[in-house]
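Q: Would you mind keeping the following structure in view while I ask a few things?
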Amino acid sequence: MSETNPAAAEVAAPHRYTAAVAAEIEARWQDFWEADGTYAAPNPKGDLAGDPGLVAKPKKFIMDMFPYPSGAGLHVGHPLGYIATDVFARFQRMTGHNVLHTLGFDAFGLPAEQHAVQTGEHPRVTTEAAINNMKSQLRRLGLGHDKRRSFATIDPDYYKWTQWIFVQIFNSWYDDVAKKARPISELVARFECGERAVPGGRSWDALSAAERADVLGEYRLAYASDAPVNWCPGLGTVLANEEVTADGRSERGNFPVFKAKLRQWNMRITAYADRLLDDLNELDWPEAIKLQQRNWIGRSEGARVDFPIDGEAITVFTTRQDTLFGATYMVLAPEHPLVEKFTPAAWPEGTHDVWTGGHATPAEAVAAYRAQAASKSDVERQAEAKDKTGVFTGAFATNPVNGEQIPVFIADYVLMGYGTGAIMAVPAHDTRDFAFARAFELPVRCVVEPSDDRGTDASTWDDAFVSYDAKIVNSHGEDVSLDGLGVTDAKARITEWLARKGIGEGTVNFRLRDWLFSRQRYWGEPFPIVYDEDGIAHSLPESMLPLELPEVEDYSPRTFDPDDADTSPETPLSRNQDWVDVTLDLGDGRGPRPYRRETNTMPNWAGSCWYELRYLDPHNSEKLVDPEIEQYWMGPRAGQPHGGVDLYVGGAEHAVLHLLYARFWSKVLYDLGHISSPEPFHKLYNQGMIQAFVYRDSRGFPVPAAEIEERDGAFFHNGEQVKRELGKMGKSLKNAVTPEAICEEYGADTLRLYEMAMGPLDVSRPWDTRAVVGQYRLLQRLWRNVVDEATGEVTVADAEPDETTLRALHKAIDGVRQDLEGLRFNTAIAKVTELNNHLTKTGAAVPRPVAESLVLLIAPLAPHIAEELWRKLGHTDSVVHQDFPVADPRYVVDETVTCVVQVKGKVKARLEVSPAISDDELEKVALADEKVVAALDGAGIRKVIVRAPKLVNIVPA
Ligand code: ANZ
């Protein structure tokens, strides 16, 4: 019967699995699961506590990176990861685990806010509408989420705890000796009793309240500071380094970003640099992501070295202290505070014209150069451009190893925010210094012997010689010589010499900066911070949390000019005077007092820093999370010494921001004793992207992919030939396909199977709507193997399967089990397909045990049809909690064939071997056989003829 004529098919096969049948089954089971609480994961205690037998099982906590509820809704690319974790979670449920799987919403965000700015509509209204839309889209996919545990980060009873965590961080300091965070009260106690000296040398008692607050601000893990920040007038907010692109623009919106001094909240993540680095080793994460985090943290071992100047010193940070003898000039960052100090009134006698930049005095040159540097971002400044700019300060410093006077420059390739903001330049062995030295006609001195044939006269070189694995030359002073040493030994020797002389020391430097934590926006968590009349910041007591977002008239940051760095932000919250100016009793013994609220809000990253914990104990209003519950789902265990989520699936774009911040918060909460797991996510997996074909007309504009006709490998839109390329899926490229459309045409089970079958989960793959039908056919054949399409009766036979079928079944079970465990869903589907096809081909009624196993095998992938067939097969309980089939090893091993071994043409032995055995292997086995050895009786061998797997013929010498 033709499948291309559905009307005819329906008459002849009224019980065929069709889209309409799928729709009916799917809706029915989704309702059932919801009413039944099928996916509810019991907790060991609390209001979600459940069956103690279930809790006693091993646990699996399986998570997706939760979505931002975009107003545009989901296209078929979005649920790839959600389906994958769902399949995995279902498999884990069927293999004896208590599985926690749910999904919340990361709902503070700029898009809803930008919309609010433009329309005046409250971002909560649009956000909640988007959440509801997304929820119904996701429900259609049959995801087995424990919905009791879902929430959005904008829910006040969620952000109460985000604010509470902020208060904990604010009220902590990092103890470098114990290497952990401690309550700030302990630091105060140490200052009070004199156990720890107060910076500045005065006694704690003698300090005013404001002075004490300043001292503590230097220690708190959350602190306000006036540091230069990335100010993006176009968005009306400051941004974290992580949110600025390589060309110095905002990642969102692509507005220019400037450096500006603004009072901002920061998180002292740098205190955790070492631990963030070290603990990566214990995590089961893709190496590429670990590497990105390592690079972001950027640990560099090197030395600080003092270069004397006018009775003082300029301290540099270098990772190549072994090249000190090759330092022929110095460079300070243009903003370096010592620049003015050493800049003389006039150019020294004979100053080279190229050094002065044509300016009459050093002060003028410096001022002009600074203005120029301020307009560039750090990233632009560090770009590997060949032409380096800079200007001489008129000052000279002394190279401490050889007493040489070397000129001091300012140049923008040296950044104030890294190391000490000053470098010794070794042009022979550093590319940037080399380019600079050539531009400014500075001497280049070789101190590391080149391994190529350029020789040691650096004046003739075309580029720097960079090597960590060569011999040091030209490096001897009065009481130290590095000549002949390798790089590592030279570093050790010179570092020891510097320390002995008191002019330097070995040190470790990190690229990681503190995390800029405030935004001048409306749609974020308000800070639980108020300022008293002295301007001192106080955290709100827990009883005043959540501090809810106030209503405001206008959501926009102050009108701004996106291209003007000199505009400064006015936050939307600051315009609600009634909210800002309050009289509060903070419960600190000072009674009711007037305070002014902090009017910045937290960055979007805040809400995703701890959401895994809320899933565990979502309705707890007394505690962040109950310790017993946290311990049960997240605590350290064998193979997971730092605890954490068992599987976390999401896109690779979150390598540093979210994943670094969440790790940091976990560590603080762990140090303070609120949780038992110092790491949030034990195993991380990055799914690939679903790409889609983009069709462009002759002008290059995308045309709707759904309207394309294909003829002989060419593509046409309204008769015009168009070009096809692979790109992202989305509205703007007119190629978005919605999950609803596919569900309507084939059903959610087909969509799930197709997405999982497209390729290995971590690889990007192009969507092809025409290929979806392949999985639909698989489900139709599966259905036919159990149900009579004409009568709707179950057709399975109460008979024992034959040997071939048993082998096909157990091989499939064995393979599918391994594949699902290893997240190889595409190959699992191939194995199910193979078994299903085998059953179809036999033509006979499928034996009941085989049909049941087949249904169980496919249940994690296509849960609705599996649930339906399971009931049809006479079961009364849900397929969700059945045991996954276990392969019988007897049927998994390959069948054997009999191999005849002849010696001098006579059969001497018969061997049972694998049909896949190789000639070499078979020859070895044959020659080792007892009977063959006996037949040869010590005679040598002239020739062995092997015809694997059936015959071996041995000709003795
Ligand atoms: C002398 C030298 C010789 C250097 C040589 C390198 C090669 P990483 O590995 O990234 O830590 N540097 C130090 N502070 C800097 C700053 N604020 N802005 C720009 N560059 C800075 O890099 C450390 C190296 O980068 C340091 O070692 C310093 O140059 C430069 F053959 O010192 B080096």
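Letters for chains follow the order of the structure tokens (A, B, ...), residue numbers begin at 1 for each chain, and ligand numbers begin at 1 in the order shown.
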Residues contacting ligand 1 - anything with an atom at most 9 Å away, using only C-alpha atoms and all ligand atoms - can you give me those as a PyMOL selection string?
A: chain A and resi 298-303+316-324+326-327+331-333+382+412-433+448+464-468+508-511
Q: For those residues, write N, CA and C atoms to a file as a short mmCIF file (atom, residue, chain, number, x, y, z; two decimals), in the first residue's frame.
A:
data_model
loop_
_atom_site.label_atom_id
_atom_site.label_comp_id
_atom_site.auth_asym_id
_atom_site.auth_seq_id
_atom_site.Cartn_x
_atom_site.Cartn_y
_atom_site.Cartn_z
N GLY A 298 44.44 32.75 33.72
CA GLY A 298 45.76 33.20 33.27
C GLY A 298 46.82 33.29 34.36
N ARG A 299 47.17 32.17 34.90
CA ARG A 299 48.20 32.19 35.94
C ARG A 299 49.57 32.28 35.28
N SER A 300 50.37 33.28 35.68
CA SER A 300 51.73 33.41 35.14
C SER A 300 52.72 33.45 36.27
N GLU A 301 53.70 32.58 36.18
CA GLU A 301 54.77 32.63 37.17
C GLU A 301 55.87 33.51 36.66
N GLY A 302 56.36 34.40 37.48
CA GLY A 302 57.41 35.30 37.04
C GLY A 302 58.05 35.97 38.23
N ALA A 303 58.45 37.22 38.02
CA ALA A 303 59.12 37.94 39.11
C ALA A 303 58.74 39.40 39.05
N VAL A 316 58.53 46.23 37.89
CA VAL A 316 57.93 45.60 36.71
C VAL A 316 57.52 44.18 37.06
N PHE A 317 56.57 43.67 36.30
CA PHE A 317 56.28 42.23 36.36
C PHE A 317 56.78 41.62 35.08
N THR A 318 57.58 40.56 35.22
CA THR A 318 58.07 39.87 34.03
C THR A 318 57.98 38.37 34.23
N THR A 319 57.70 37.68 33.14
CA THR A 319 57.76 36.22 33.20
C THR A 319 59.11 35.74 32.67
N ARG A 320 59.94 36.69 32.24
CA ARG A 320 61.23 36.31 31.68
C ARG A 320 62.37 37.04 32.39
N GLN A 321 62.43 36.84 33.70
CA GLN A 321 63.51 37.47 34.46
C GLN A 321 64.88 36.97 34.01
N ASP A 322 64.91 35.84 33.31
CA ASP A 322 66.17 35.32 32.77
C ASP A 322 66.73 36.23 31.68
N THR A 323 65.88 37.14 31.14
CA THR A 323 66.35 38.01 30.06
C THR A 323 66.69 39.42 30.54
N LEU A 324 66.83 39.58 31.86
CA LEU A 324 67.08 40.93 32.42
C LEU A 324 68.25 41.66 31.75
N GLY A 326 69.00 41.67 28.80
CA GLY A 326 68.61 42.15 27.48
C GLY A 326 67.61 43.29 27.53
N ALA A 327 67.28 43.77 28.76
CA ALA A 327 66.31 44.87 28.88
C ALA A 327 66.99 46.17 28.49
N VAL A 331 58.81 50.35 29.74
CA VAL A 331 57.55 50.95 29.31
C VAL A 331 56.57 50.95 30.48
N LEU A 332 55.97 52.11 30.71
CA LEU A 332 54.88 52.19 31.68
C LEU A 332 53.58 52.33 30.92
N ALA A 333 52.51 51.82 31.56
CA ALA A 333 51.19 52.08 30.99
C ALA A 333 50.98 53.58 31.03
N GLN A 382 45.95 45.78 22.96
CA GLN A 382 46.80 44.58 22.97
C GLN A 382 46.89 43.90 21.62
N ASP A 412 50.82 52.29 24.81
CA ASP A 412 49.52 51.69 25.16
C ASP A 412 49.52 50.18 25.11
N TYR A 413 50.59 49.57 24.61
CA TYR A 413 50.59 48.10 24.63
C TYR A 413 50.84 47.55 26.03
N VAL A 414 51.21 48.44 26.95
CA VAL A 414 51.29 48.03 28.36
C VAL A 414 50.02 48.51 29.05
N LEU A 415 49.37 47.55 29.73
CA LEU A 415 48.08 47.83 30.35
C LEU A 415 48.25 48.10 31.83
N MET A 416 47.47 49.03 32.33
CA MET A 416 47.57 49.37 33.75
C MET A 416 47.03 48.23 34.61
N GLY A 417 46.05 47.51 34.09
CA GLY A 417 45.37 46.52 34.91
C GLY A 417 46.08 45.18 35.01
N TYR A 418 47.26 45.05 34.45
CA TYR A 418 47.93 43.75 34.49
C TYR A 418 49.28 43.88 35.16
N GLY A 419 49.65 42.89 35.99
CA GLY A 419 50.96 42.92 36.65
C GLY A 419 51.09 44.19 37.45
N THR A 420 52.14 44.96 37.16
CA THR A 420 52.33 46.23 37.88
C THR A 420 52.07 47.42 36.97
N GLY A 421 51.65 47.16 35.74
CA GLY A 421 51.43 48.26 34.80
C GLY A 421 52.73 48.82 34.26
N ALA A 422 53.82 48.08 34.46
CA ALA A 422 55.12 48.54 33.95
C ALA A 422 55.91 47.32 33.51
N ILE A 423 56.66 47.47 32.45
CA ILE A 423 57.48 46.34 31.99
C ILE A 423 58.92 46.76 31.73
N MET A 424 59.78 45.77 31.80
CA MET A 424 61.11 45.95 31.23
C MET A 424 60.99 45.39 29.82
N ALA A 425 61.52 46.10 28.86
CA ALA A 425 61.36 45.64 27.49
C ALA A 425 62.62 44.93 27.03
N VAL A 426 62.41 43.72 26.49
CA VAL A 426 63.51 42.92 26.00
C VAL A 426 63.26 42.68 24.51
N PRO A 427 63.60 43.66 23.69
CA PRO A 427 63.18 43.59 22.28
C PRO A 427 63.71 42.38 21.54
N ALA A 428 64.86 41.85 21.94
CA ALA A 428 65.40 40.72 21.19
C ALA A 428 64.51 39.48 21.32
N HIS A 429 63.75 39.41 22.43
CA HIS A 429 63.03 38.16 22.70
C HIS A 429 61.54 38.32 22.96
N ASP A 430 61.02 39.47 22.63
CA ASP A 430 59.58 39.68 22.76
C ASP A 430 59.11 40.42 21.51
N THR A 431 58.13 39.87 20.84
CA THR A 431 57.71 40.42 19.55
C THR A 431 57.24 41.87 19.63
N ARG A 432 56.44 42.16 20.68
CA ARG A 432 55.92 43.52 20.77
C ARG A 432 57.04 44.52 21.06
N ASP A 433 57.92 44.10 21.97
CA ASP A 433 59.06 44.97 22.29
C ASP A 433 59.93 45.16 21.05
N VAL A 448 69.39 35.38 24.54
CA VAL A 448 69.02 33.95 24.45
C VAL A 448 69.51 33.48 23.09
N ALA A 464 61.85 39.10 16.59
CA ALA A 464 62.36 38.65 17.88
C ALA A 464 62.59 37.15 17.84
N PHE A 465 63.53 36.69 18.64
CA PHE A 465 63.71 35.24 18.80
C PHE A 465 63.09 34.83 20.13
N VAL A 466 61.98 34.09 20.04
CA VAL A 466 61.25 33.73 21.25
C VAL A 466 61.42 32.25 21.53
N SER A 467 62.04 31.93 22.67
CA SER A 467 62.22 30.52 23.00
C SER A 467 62.33 30.35 24.50
N TYR A 468 61.72 29.27 24.99
CA TYR A 468 61.81 28.96 26.42
C TYR A 468 62.76 27.81 26.64
N VAL A 508 53.52 35.27 41.44
CA VAL A 508 52.54 34.71 40.52
C VAL A 508 51.54 35.80 40.19
N ASN A 509 51.23 35.93 38.96
CA ASN A 509 50.31 36.96 38.52
C ASN A 509 49.14 36.31 37.80
N PHE A 510 47.96 36.86 37.98
CA PHE A 510 46.77 36.32 37.31
C PHE A 510 46.20 37.34 36.34
N ARG A 511 45.69 36.82 35.26
CA ARG A 511 45.01 37.68 34.30
C ARG A 511 43.60 38.02 34.79
#
Q: Which residues come within 7 Å of range 611-628 of chain A, counting only C-alpha atoms, excluding same-chain residues fewer than 6 positions away, as a PyMOL selection string?
A: chain A and resi 149-150+161+675
Q: Keeping all heavy atoms for every residue in the selection just given, could you write it to a file as a tab-separated table (two decimals), in the first residue's frame?
A:
chain	number	residue	atom	x	y	z
A	149	ARG	N	9.67	21.69	40.89
A	149	ARG	CA	10.97	22.29	41.21
A	149	ARG	C	11.35	23.43	40.28
A	149	ARG	O	12.44	23.97	40.37
A	149	ARG	CB	12.05	21.21	41.15
A	149	ARG	CG	11.88	20.10	42.18
A	149	ARG	CD	12.90	19.00	41.94
A	149	ARG	NE	12.75	17.87	42.82
A	149	ARG	CZ	13.40	17.72	43.99
A	149	ARG	NH1	14.22	18.66	44.40
A	149	ARG	NH2	13.22	16.66	44.73
A	150	SER	N	10.48	23.76	39.36
A	150	SER	CA	10.81	24.81	38.40
A	150	SER	C	10.54	26.19	38.99
A	150	SER	O	9.68	26.35	39.84
A	150	SER	CB	9.98	24.61	37.14
A	150	SER	OG	10.24	25.64	36.22
A	161	TRP	N	16.89	34.78	47.81
A	161	TRP	CA	18.10	34.03	48.17
A	161	TRP	C	19.30	34.48	47.36
A	161	TRP	O	20.44	34.36	47.81
A	161	TRP	CB	17.84	32.53	48.05
A	161	TRP	CG	16.82	32.10	49.06
A	161	TRP	CD1	15.50	31.82	48.83
A	161	TRP	CD2	17.01	32.00	50.47
A	161	TRP	NE1	14.87	31.53	50.01
A	161	TRP	CE2	15.76	31.63	51.03
A	161	TRP	CE3	18.10	32.18	51.32
A	161	TRP	CZ2	15.59	31.44	52.41
A	161	TRP	CZ3	17.93	31.99	52.69
A	161	TRP	CH2	16.69	31.62	53.22
A	675	ILE	N	26.95	24.81	52.06
A	675	ILE	CA	26.79	23.65	51.18
A	675	ILE	C	28.01	22.73	51.32
A	675	ILE	O	29.07	23.16	51.79
A	675	ILE	CB	26.60	24.04	49.68
A	675	ILE	CG1	27.77	24.91	49.18
A	675	ILE	CG2	25.30	24.77	49.48
A	675	ILE	CD1	27.69	25.22	47.68
Q: What lies within 12 Å of range 714-716 of chain A using only C-alpha atoms, ignoring chain neighbours under 3 positions off, as a PyMOL selection string?
A: chain A and resi 693-698+703-711+719-725
Q: So that I have them on file, write out the residues from the current selection with N, CA and C atoms, as a PDB file, in the first residue's frame.
A:
ATOM      1  N   PHE A 693      19.868  25.568   6.640  1.00  0.00           N
ATOM      2  CA  PHE A 693      20.216  26.174   5.367  1.00  0.00           C
ATOM      3  C   PHE A 693      19.576  27.551   5.263  1.00  0.00           C
ATOM      4  N   VAL A 694      20.370  28.471   4.753  1.00  0.00           N
ATOM      5  CA  VAL A 694      19.887  29.821   4.503  1.00  0.00           C
ATOM      6  C   VAL A 694      19.880  29.976   2.984  1.00  0.00           C
ATOM      7  N   TYR A 695      18.792  30.489   2.440  1.00  0.00           N
ATOM      8  CA  TYR A 695      18.699  30.691   0.985  1.00  0.00           C
ATOM      9  C   TYR A 695      18.717  32.183   0.722  1.00  0.00           C
ATOM     10  N   ARG A 696      19.628  32.618  -0.137  1.00  0.00           N
ATOM     11  CA  ARG A 696      19.745  34.051  -0.414  1.00  0.00           C
ATOM     12  C   ARG A 696      19.474  34.324  -1.884  1.00  0.00           C
ATOM     13  N   ASP A 697      18.774  35.419  -2.126  1.00  0.00           N
ATOM     14  CA  ASP A 697      18.500  35.800  -3.506  1.00  0.00           C
ATOM     15  C   ASP A 697      19.711  36.534  -4.079  1.00  0.00           C
ATOM     16  N   SER A 698      19.551  37.034  -5.300  1.00  0.00           N
ATOM     17  CA  SER A 698      20.710  37.611  -5.998  1.00  0.00           C
ATOM     18  C   SER A 698      21.253  38.837  -5.266  1.00  0.00           C
ATOM     19  N   VAL A 703      15.695  34.475   1.787  1.00  0.00           N
ATOM     20  CA  VAL A 703      14.303  34.269   1.397  1.00  0.00           C
ATOM     21  C   VAL A 703      13.776  33.086   2.216  1.00  0.00           C
ATOM     22  N   PRO A 704      12.444  33.009   2.399  1.00  0.00           N
ATOM     23  CA  PRO A 704      11.910  31.968   3.288  1.00  0.00           C
ATOM     24  C   PRO A 704      12.303  30.562   2.854  1.00  0.00           C
ATOM     25  N   ALA A 705      12.937  29.830   3.760  1.00  0.00           N
ATOM     26  CA  ALA A 705      13.420  28.493   3.427  1.00  0.00           C
ATOM     27  C   ALA A 705      12.267  27.565   3.086  1.00  0.00           C
ATOM     28  N   ALA A 706      11.105  27.827   3.697  1.00  0.00           N
ATOM     29  CA  ALA A 706       9.964  26.933   3.484  1.00  0.00           C
ATOM     30  C   ALA A 706       9.414  27.033   2.058  1.00  0.00           C
ATOM     31  N   GLU A 707       9.774  28.103   1.342  1.00  0.00           N
ATOM     32  CA  GLU A 707       9.218  28.306   0.001  1.00  0.00           C
ATOM     33  C   GLU A 707      10.179  27.911  -1.122  1.00  0.00           C
ATOM     34  N   ILE A 708      11.226  27.194  -0.736  1.00  0.00           N
ATOM     35  CA  ILE A 708      12.241  26.840  -1.732  1.00  0.00           C
ATOM     36  C   ILE A 708      11.850  25.585  -2.489  1.00  0.00           C
ATOM     37  N   GLU A 709      12.080  25.615  -3.787  1.00  0.00           N
ATOM     38  CA  GLU A 709      11.911  24.400  -4.590  1.00  0.00           C
ATOM     39  C   GLU A 709      13.292  23.942  -5.015  1.00  0.00           C
ATOM     40  N   GLU A 710      13.472  22.626  -4.998  1.00  0.00           N
ATOM     41  CA  GLU A 710      14.763  22.104  -5.438  1.00  0.00           C
ATOM     42  C   GLU A 710      14.565  21.403  -6.778  1.00  0.00           C
ATOM     43  N   ARG A 711      15.412  21.757  -7.745  1.00  0.00           N
ATOM     44  CA  ARG A 711      15.370  21.072  -9.038  1.00  0.00           C
ATOM     45  C   ARG A 711      16.785  20.745  -9.463  1.00  0.00           C
ATOM     46  N   GLY A 719      10.643  31.004  -8.734  1.00  0.00           N
ATOM     47  CA  GLY A 719      11.246  30.877 -10.054  1.00  0.00           C
ATOM     48  C   GLY A 719      12.663  31.408 -10.157  1.00  0.00           C
ATOM     49  N   GLU A 720      13.066  32.210  -9.226  1.00  0.00           N
ATOM     50  CA  GLU A 720      14.420  32.768  -9.291  1.00  0.00           C
ATOM     51  C   GLU A 720      15.388  31.808  -8.592  1.00  0.00           C
ATOM     52  N   GLN A 721      16.528  31.586  -9.225  1.00  0.00           N
ATOM     53  CA  GLN A 721      17.493  30.702  -8.595  1.00  0.00           C
ATOM     54  C   GLN A 721      18.137  31.414  -7.405  1.00  0.00           C
ATOM     55  N   VAL A 722      18.268  30.685  -6.285  1.00  0.00           N
ATOM     56  CA  VAL A 722      18.854  31.281  -5.071  1.00  0.00           C
ATOM     57  C   VAL A 722      20.042  30.443  -4.634  1.00  0.00           C
ATOM     58  N   LYS A 723      20.851  31.036  -3.783  1.00  0.00           N
ATOM     59  CA  LYS A 723      22.039  30.342  -3.292  1.00  0.00           C
ATOM     60  C   LYS A 723      21.751  29.735  -1.937  1.00  0.00           C
ATOM     61  N   ARG A 724      22.315  28.567  -1.699  1.00  0.00           N
ATOM     62  CA  ARG A 724      22.100  27.918  -0.406  1.00  0.00           C
ATOM     63  C   ARG A 724      23.403  27.923   0.388  1.00  0.00           C
ATOM     64  N   GLU A 725      23.318  28.279   1.677  1.00  0.00           N
ATOM     65  CA  GLU A 725      24.499  28.172   2.535  1.00  0.00           C
ATOM     66  C   GLU A 725      24.040  27.672   3.896  1.00  0.00           C
TER      67      GLU A 725
END
Q: Please indicate the distance in Å from CA of Phe61 in chain A to CA of Val645 in chain A, rounded to one decimal place.
A: 5.4 Å
Q: Enumerate the residues of range 558-784 of chain A with a DSSP assignment of strand (DSSP E), computed from the backbone, and present them as a PyMOL selection string.
A: chain A and resi 581-584+593-597+647-650+684-686+690-696+702-703+709-711+714-717+720-727+765-766
Q: What's the 10 Å shell around Leu54 in chain A, counting only C-alpha atoms, without same-chain residues fewer than 3 positions away, as a short mmCIF file (atom, residue, chain, number, x, y, z; two decimals) with all heavy atoms, in the first residue's frame?
A:
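out32.cif was written with the following content:
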data_model
loop_
_atom_site.label_atom_id
_atom_site.label_comp_id
_atom_site.auth_asym_id
_atom_site.auth_seq_id
_atom_site.Cartn_x
_atom_site.Cartn_y
_atom_site.Cartn_z
N ALA A 41 10.73 13.83 41.69
CA ALA A 41 11.89 13.19 42.31
C ALA A 41 11.79 13.40 43.82
O ALA A 41 11.74 14.54 44.27
CB ALA A 41 13.18 13.80 41.78
N PRO A 42 11.74 12.32 44.57
CA PRO A 42 11.59 12.50 46.01
C PRO A 42 12.87 13.03 46.66
O PRO A 42 13.98 12.72 46.23
CB PRO A 42 11.27 11.10 46.51
CG PRO A 42 11.81 10.18 45.47
CD PRO A 42 11.75 10.91 44.16
N ASN A 43 12.69 13.83 47.68
CA ASN A 43 13.81 14.33 48.47
C ASN A 43 13.93 13.50 49.75
O ASN A 43 12.95 12.92 50.19
CB ASN A 43 13.52 15.78 48.89
CG ASN A 43 14.15 16.78 47.94
OD1 ASN A 43 14.90 16.40 47.04
ND2 ASN A 43 13.85 18.04 48.13
N PRO A 44 15.10 13.50 50.34
CA PRO A 44 15.24 12.78 51.61
C PRO A 44 14.41 13.41 52.73
O PRO A 44 14.08 12.74 53.68
CB PRO A 44 16.73 12.85 51.91
CG PRO A 44 17.29 13.91 51.05
CD PRO A 44 16.39 14.02 49.86
N GLY A 50 9.68 11.97 49.58
CA GLY A 50 8.83 10.96 48.95
C GLY A 50 9.17 9.58 49.46
O GLY A 50 9.67 9.43 50.57
N ASP A 51 8.93 8.65 48.61
CA ASP A 51 9.14 7.25 48.89
C ASP A 51 10.58 7.00 49.38
O ASP A 51 11.54 7.23 48.64
CB ASP A 51 8.87 6.52 47.57
CG ASP A 51 9.16 5.04 47.66
OD1 ASP A 51 9.61 4.60 48.73
OD2 ASP A 51 8.93 4.36 46.65
N LYS A 57 17.85 4.87 46.56
CA LYS A 57 18.56 4.52 45.32
C LYS A 57 19.71 5.49 45.09
O LYS A 57 19.67 6.59 45.60
CB LYS A 57 17.61 4.69 44.14
CG LYS A 57 16.52 3.69 44.01
CD LYS A 57 15.69 4.13 42.81
CE LYS A 57 14.67 3.09 42.45
NZ LYS A 57 13.95 3.49 41.24
N PRO A 58 20.68 5.09 44.25
CA PRO A 58 21.68 6.10 43.88
C PRO A 58 20.99 7.23 43.14
O PRO A 58 19.98 7.02 42.47
CB PRO A 58 22.62 5.34 42.96
CG PRO A 58 21.91 4.10 42.55
CD PRO A 58 20.89 3.80 43.61
N LYS A 59 21.53 8.42 43.27
CA LYS A 59 20.87 9.59 42.67
C LYS A 59 21.56 10.01 41.38
O LYS A 59 22.74 9.73 41.17
CB LYS A 59 20.87 10.74 43.67
CG LYS A 59 22.28 11.24 44.06
CD LYS A 59 22.85 12.31 43.16
CE LYS A 59 24.32 12.58 43.41
NZ LYS A 59 24.88 13.66 42.60
N GLY A 96 17.64 2.25 37.77
CA GLY A 96 17.74 2.22 39.23
C GLY A 96 18.18 3.50 39.90
O GLY A 96 18.67 3.45 41.03
N HIS A 97 18.01 4.65 39.24
CA HIS A 97 18.41 5.89 39.89
C HIS A 97 17.21 6.75 40.28
O HIS A 97 16.19 6.73 39.61
CB HIS A 97 19.31 6.72 38.97
CG HIS A 97 20.60 6.03 38.65
ND1 HIS A 97 20.74 5.21 37.56
CD2 HIS A 97 21.79 6.04 39.29
CE1 HIS A 97 21.97 4.73 37.54
NE2 HIS A 97 22.63 5.21 38.57
N ASN A 98 17.39 7.47 41.35
CA ASN A 98 16.44 8.52 41.70
C ASN A 98 16.93 9.76 40.95
O ASN A 98 18.01 10.27 41.23
CB ASN A 98 16.46 8.76 43.22
CG ASN A 98 15.43 9.79 43.64
OD1 ASN A 98 14.47 10.07 42.92
ND2 ASN A 98 15.64 10.37 44.82
N VAL A 99 16.15 10.19 39.98
CA VAL A 99 16.62 11.22 39.04
C VAL A 99 15.96 12.57 39.32
O VAL A 99 14.74 12.66 39.39
CB VAL A 99 16.31 10.80 37.58
CG1 VAL A 99 16.59 11.94 36.62
CG2 VAL A 99 17.15 9.57 37.21
#
Q: Sorted by chain and rising residue number, list the residues of range 377-474 of chain A at most 12 Å from range 495-506 of chain A (counting only C-alpha atoms), each with its closest atom pair and distance in Å to one decimal, as CSV.
A:
residue,atom,partner,partner_atom,distance
A:Thr398,CA,A:Ile503,CA,11.9
A:Asn399,CA,A:Ile503,CA,11.0
A:Pro400,CA,A:Ile503,CA,8.0
A:Val401,CA,A:Leu498,CA,8.8
Q: Can I get the selection written as a CSV table (one decimal), in the first residue's frame, with all heavy atoms?
A:
chain,number,residue,atom,x,y,z
A,398,THR,N,67.5,52.6,36.1
A,398,THR,CA,68.7,51.8,36.1
A,398,THR,C,68.4,50.3,36.0
A,398,THR,O,67.5,49.8,36.8
A,398,THR,CB,69.5,52.0,37.4
A,398,THR,OG1,69.6,53.4,37.6
A,398,THR,CG2,70.9,51.4,37.3
A,399,ASN,N,69.0,49.6,35.0
A,399,ASN,CA,68.8,48.2,35.0
A,399,ASN,C,69.6,47.6,36.1
A,399,ASN,O,70.9,47.7,36.1
A,399,ASN,CB,69.3,47.6,33.6
A,399,ASN,CG,69.0,46.1,33.5
A,399,ASN,OD1,68.9,45.4,34.5
A,399,ASN,ND2,69.0,45.7,32.3
A,400,PRO,N,69.0,46.9,37.1
A,400,PRO,CA,69.7,46.6,38.3
A,400,PRO,C,70.8,45.5,38.1
A,400,PRO,O,71.7,45.4,38.9
A,400,PRO,CB,68.6,46.0,39.2
A,400,PRO,CG,67.5,45.6,38.3
A,400,PRO,CD,67.5,46.6,37.2
A,401,VAL,N,70.7,44.7,37.0
A,401,VAL,CA,71.7,43.7,36.9
A,401,VAL,C,73.0,44.2,36.3
A,401,VAL,O,74.1,43.7,36.6
A,401,VAL,CB,71.2,42.5,36.0
A,401,VAL,CG1,70.2,41.7,36.7
A,401,VAL,CG2,70.8,43.0,34.6
Q: Let's see if you can do this: from backbone DSSP, list all alpha helix (DSSP H) residues in range 622-709 of chain A, as a list of chain:residue names.
A: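 Checking each residue of range 622-709 of chain A, the alpha helix (DSSP H) ones are A:Pro627, A:Glu628, A:Ile629, A:Glu630, A:Gln631, A:Tyr632, A:Trp633, A:Met634, A:Leu657, A:His658, A:Leu659, A:Leu660, A:Tyr661, A:Ala662, A:Arg663, A:Phe664, A:Trp665, A:Ser666, A:Lys667, A:Val668, A:Leu669, A:Tyr670, A:Asp671.
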